[in-house]
Amino acid sequence: MLTLHTAEASPELSVLVEGDRIAALGPYEELATAHPSARVRRWPGILTPGLLNPYGPEILEHTYHPDPREADTYGTAPIGGERAREIFRANPSLLGPSARRGVQRLLAHGTVAVAGELRAAPALEAAR
């Protein structure tokens with residue numbers, strides 16, 4: 001399926017996406033005319049390239065991202081270092097939910113890809 005992404009403040013640069021790949025870049029009018037069956041998504045603001053975060057393993061496997069319901073116990077900020085290792089040793093099943101919350105944080109800040117070798121299956125699944 002083709003999707004044409006355009007933003008109110010930057011119609012001169014729209015993005016045509018086919019599945020998970022960029023098919024074309026160009027002015028909205030030009031792409032819309034060339035691909036009339038494309039689904040159109042209009043966004044506020046501008047479109048910009050996404051960010052690559054080079055610290056995938058550190059953020060998704062070695063940092064605990066507390067659930068908001070754990071704020072009384074852990075607070076709301078990510079926890080790293082020995083404290084995160086203690087949390088994961090005490091309950092290894094927390095890695096998957098933590099990694100998913102980590103991915104949500106990354107996406108909220110414009111990250112679209114992470115680098116580094118993810119070795120833990122729950123973190124890899126969350127990143128995919």
# chains A, B, ... in the order shown; residues from 1 in each chain; ligands from 1
>>> residues_around(residues="Arg89 of chain A", least_positions_apart="6", cutoff="12 Å", atoms="only C-alpha atoms", output="PyMOL selection string")
chain A and resi 62+64+82-83+95
>>> select_by_dssp(residues="segment 13-120 of chain A", states="helix (DSSP H, G or I)", output="PyMOL selection string")
chain A and resi 28-34+56-60+68-74+81-90+92-108
>>> residues_around(residues="segment 6-14 of chain A", least_positions_apart="3", cutoff="9 Å", atoms="only C-alpha atoms", output="count of residues only")
15
>>> residues_around(residues="Ala38 of chain A", least_positions_apart="4", cutoff="10 Å", atoms="only C-alpha atoms", output="PDB file with C-alpha atoms, in the first residue's frame")
ATOM      1  CA  MET A   1       0.000   0.000   0.000  1.00  0.00           C
ATOM      2  CA  LEU A   2       1.259   3.473  -0.890  1.00  0.00           C
ATOM      3  CA  THR A   3       1.003   6.215   1.706  1.00  0.00           C
ATOM      4  CA  LEU A   4       1.808   9.850   0.985  1.00  0.00           C
ATOM      5  CA  HIS A   5       2.965  11.750   4.084  1.00  0.00           C
ATOM      6  CA  LEU A  16       5.753   8.496  -0.503  1.00  0.00           C
ATOM      7  CA  VAL A  17       6.021   5.231   1.435  1.00  0.00           C
ATOM      8  CA  GLU A  18       5.411   1.723   0.128  1.00  0.00           C
ATOM      9  CA  LEU A  31       3.625  13.014  -5.804  1.00  0.00           C
ATOM     10  CA  ALA A  32      -0.160  13.175  -5.385  1.00  0.00           C
ATOM     11  CA  THR A  33      -0.621  13.632  -9.149  1.00  0.00           C
ATOM     12  CA  ALA A  34       1.754  10.773  -9.970  1.00  0.00           C
TER      13      ALA A  34
END
>>> residues_around(residues="segment 56-61 of chain A", least_positions_apart="2", cutoff="10 Å", atoms="only C-alpha atoms", output="compact mmCIF listing (two decimals) with N, CA, C and O atoms, in the first residue's frame")
# COMPACT_ATOMS: atom_id res chain seq x y z
N LEU A 52 18.96 8.28 14.48
CA LEU A 52 19.56 6.98 14.78
C LEU A 52 20.21 7.11 16.15
O LEU A 52 21.07 7.96 16.36
N ASN A 53 19.77 6.28 17.10
CA ASN A 53 20.38 6.30 18.41
C ASN A 53 21.44 5.20 18.46
O ASN A 53 21.11 4.03 18.27
N PRO A 54 22.69 5.55 18.72
CA PRO A 54 23.76 4.55 18.69
C PRO A 54 23.87 3.70 19.95
O PRO A 54 24.76 2.88 20.06
N THR A 63 19.00 -0.61 30.85
CA THR A 63 18.31 0.47 31.55
C THR A 63 16.89 0.01 31.85
O THR A 63 16.22 -0.56 30.98
N TYR A 64 16.44 0.24 33.07
CA TYR A 64 15.07 -0.11 33.43
C TYR A 64 14.20 1.13 33.25
O TYR A 64 14.48 2.20 33.79
N HIS A 65 13.15 0.97 32.47
CA HIS A 65 12.18 2.04 32.23
C HIS A 65 10.94 1.72 33.04
O HIS A 65 10.15 0.84 32.66
N PRO A 78 14.23 6.80 33.77
CA PRO A 78 14.94 5.55 33.51
C PRO A 78 16.02 5.31 34.56
O PRO A 78 16.64 6.25 35.06
N ILE A 79 16.25 4.03 34.87
CA ILE A 79 17.22 3.63 35.89
C ILE A 79 18.31 2.82 35.21
O ILE A 79 18.03 1.85 34.51
N GLY A 80 19.55 3.20 35.41
CA GLY A 80 20.67 2.48 34.79
C GLY A 80 21.59 1.89 35.83
O GLY A 80 21.28 1.86 37.03
N GLY A 81 22.73 1.41 35.36
CA GLY A 81 23.78 0.93 36.24
C GLY A 81 23.40 -0.28 37.07
O GLY A 81 22.60 -1.12 36.69
N ALA A 84 19.65 -1.01 37.88
CA ALA A 84 18.91 -1.68 36.81
C ALA A 84 19.25 -3.17 36.78
O ALA A 84 18.36 -4.02 36.63
N ARG A 85 20.53 -3.49 36.96
CA ARG A 85 20.93 -4.91 36.98
C ARG A 85 20.24 -5.65 38.12
O ARG A 85 19.80 -6.79 37.97
N PHE A 88 16.57 -6.34 37.13
CA PHE A 88 16.44 -7.42 36.14
C PHE A 88 16.83 -8.78 36.74
O PHE A 88 16.24 -9.79 36.37
N LEU A 95 12.28 -7.32 31.69
CA LEU A 95 13.06 -6.79 30.58
C LEU A 95 12.19 -6.44 29.37
O LEU A 95 12.35 -5.37 28.78
N GLY A 96 11.28 -7.30 28.99
CA GLY A 96 10.43 -7.04 27.82
C GLY A 96 9.58 -5.79 27.97
O GLY A 96 9.63 -4.88 27.12
N SER A 98 10.00 -3.33 30.01
CA SER A 98 10.90 -2.18 30.12
C SER A 98 11.41 -1.76 28.75
O SER A 98 11.44 -0.57 28.42
N ALA A 99 11.81 -2.73 27.93
CA ALA A 99 12.31 -2.42 26.58
C ALA A 99 11.22 -1.77 25.74
O ALA A 99 11.50 -0.83 24.99
N ARG A 100 9.99 -2.23 25.86
CA ARG A 100 8.89 -1.60 25.11
C ARG A 100 8.70 -0.15 25.53
O ARG A 100 8.52 0.73 24.69
N ARG A 101 8.78 0.11 26.84
CA ARG A 101 8.67 1.50 27.29
C ARG A 101 9.87 2.31 26.82
O ARG A 101 9.74 3.49 26.49
N GLY A 102 11.04 1.68 26.77
CA GLY A 102 12.23 2.35 26.24
C GLY A 102 12.05 2.72 24.78
O GLY A 102 12.41 3.83 24.36
N VAL A 103 11.49 1.81 23.99
CA VAL A 103 11.22 2.10 22.57
C VAL A 103 10.23 3.25 22.47
O VAL A 103 10.40 4.15 21.63
N ARG A 105 9.84 5.70 24.52
CA ARG A 105 10.59 6.94 24.84
C ARG A 105 11.44 7.37 23.64
O ARG A 105 11.51 8.55 23.31
N LEU A 106 12.12 6.41 23.02
CA LEU A 106 12.94 6.72 21.85
C LEU A 106 12.09 7.31 20.73
O LEU A 106 12.46 8.33 20.13
N ALA A 113 15.60 4.42 14.62
CA ALA A 113 16.46 3.25 14.53
C ALA A 113 17.48 3.30 15.66
O ALA A 113 17.84 4.37 16.15
N VAL A 114 17.92 2.10 16.06
CA VAL A 114 18.97 2.02 17.07
C VAL A 114 20.13 1.20 16.51
O VAL A 114 19.93 0.32 15.67
N ALA A 115 21.32 1.50 16.96
CA ALA A 115 22.51 0.76 16.56
C ALA A 115 23.01 -0.03 17.76
O ALA A 115 22.60 0.22 18.90
N GLY A 116 23.87 -0.95 17.50
CA GLY A 116 24.39 -1.81 18.55
C GLY A 116 23.70 -3.15 18.49
O GLY A 116 22.57 -3.26 18.00
N GLU A 117 24.37 -4.18 18.97
CA GLU A 117 23.81 -5.53 18.89
C GLU A 117 22.94 -5.83 20.09
O GLU A 117 23.42 -5.90 21.23
N LEU A 118 21.65 -5.97 19.84
CA LEU A 118 20.72 -6.37 20.89
C LEU A 118 20.81 -7.88 21.02
O LEU A 118 20.64 -8.61 20.05
N ARG A 119 21.06 -8.38 22.24
CA ARG A 119 21.24 -9.82 22.45
C ARG A 119 20.08 -10.44 23.18
O ARG A 119 19.86 -11.64 23.08
N ALA A 120 19.35 -9.67 23.95
CA ALA A 120 18.22 -10.21 24.71
C ALA A 120 16.99 -10.25 23.82
O ALA A 120 16.60 -9.24 23.23
N ALA A 121 16.38 -11.42 23.71
CA ALA A 121 15.22 -11.59 22.83
C ALA A 121 14.10 -10.59 23.12
O ALA A 121 13.53 -10.02 22.19
N PRO A 122 13.77 -10.30 24.40
CA PRO A 122 12.68 -9.33 24.64
C PRO A 122 13.01 -7.92 24.12
O PRO A 122 12.13 -7.23 23.60
N ALA A 123 14.26 -7.50 24.23
CA ALA A 123 14.66 -6.17 23.74
C ALA A 123 14.65 -6.15 22.21
O ALA A 123 14.20 -5.19 21.59
N LEU A 124 15.12 -7.23 21.61
CA LEU A 124 15.12 -7.33 20.15
C LEU A 124 13.69 -7.30 19.61
O LEU A 124 13.39 -6.60 18.64
N ALA A 126 11.09 -5.94 21.06
CA ALA A 126 10.54 -4.59 21.25
C ALA A 126 11.06 -3.64 20.18
O ALA A 126 10.32 -2.81 19.67
N ALA A 127 12.33 -3.76 19.82
CA ALA A 127 12.91 -2.88 18.81
C ALA A 127 12.32 -3.15 17.42
O ALA A 127 12.15 -2.24 16.63
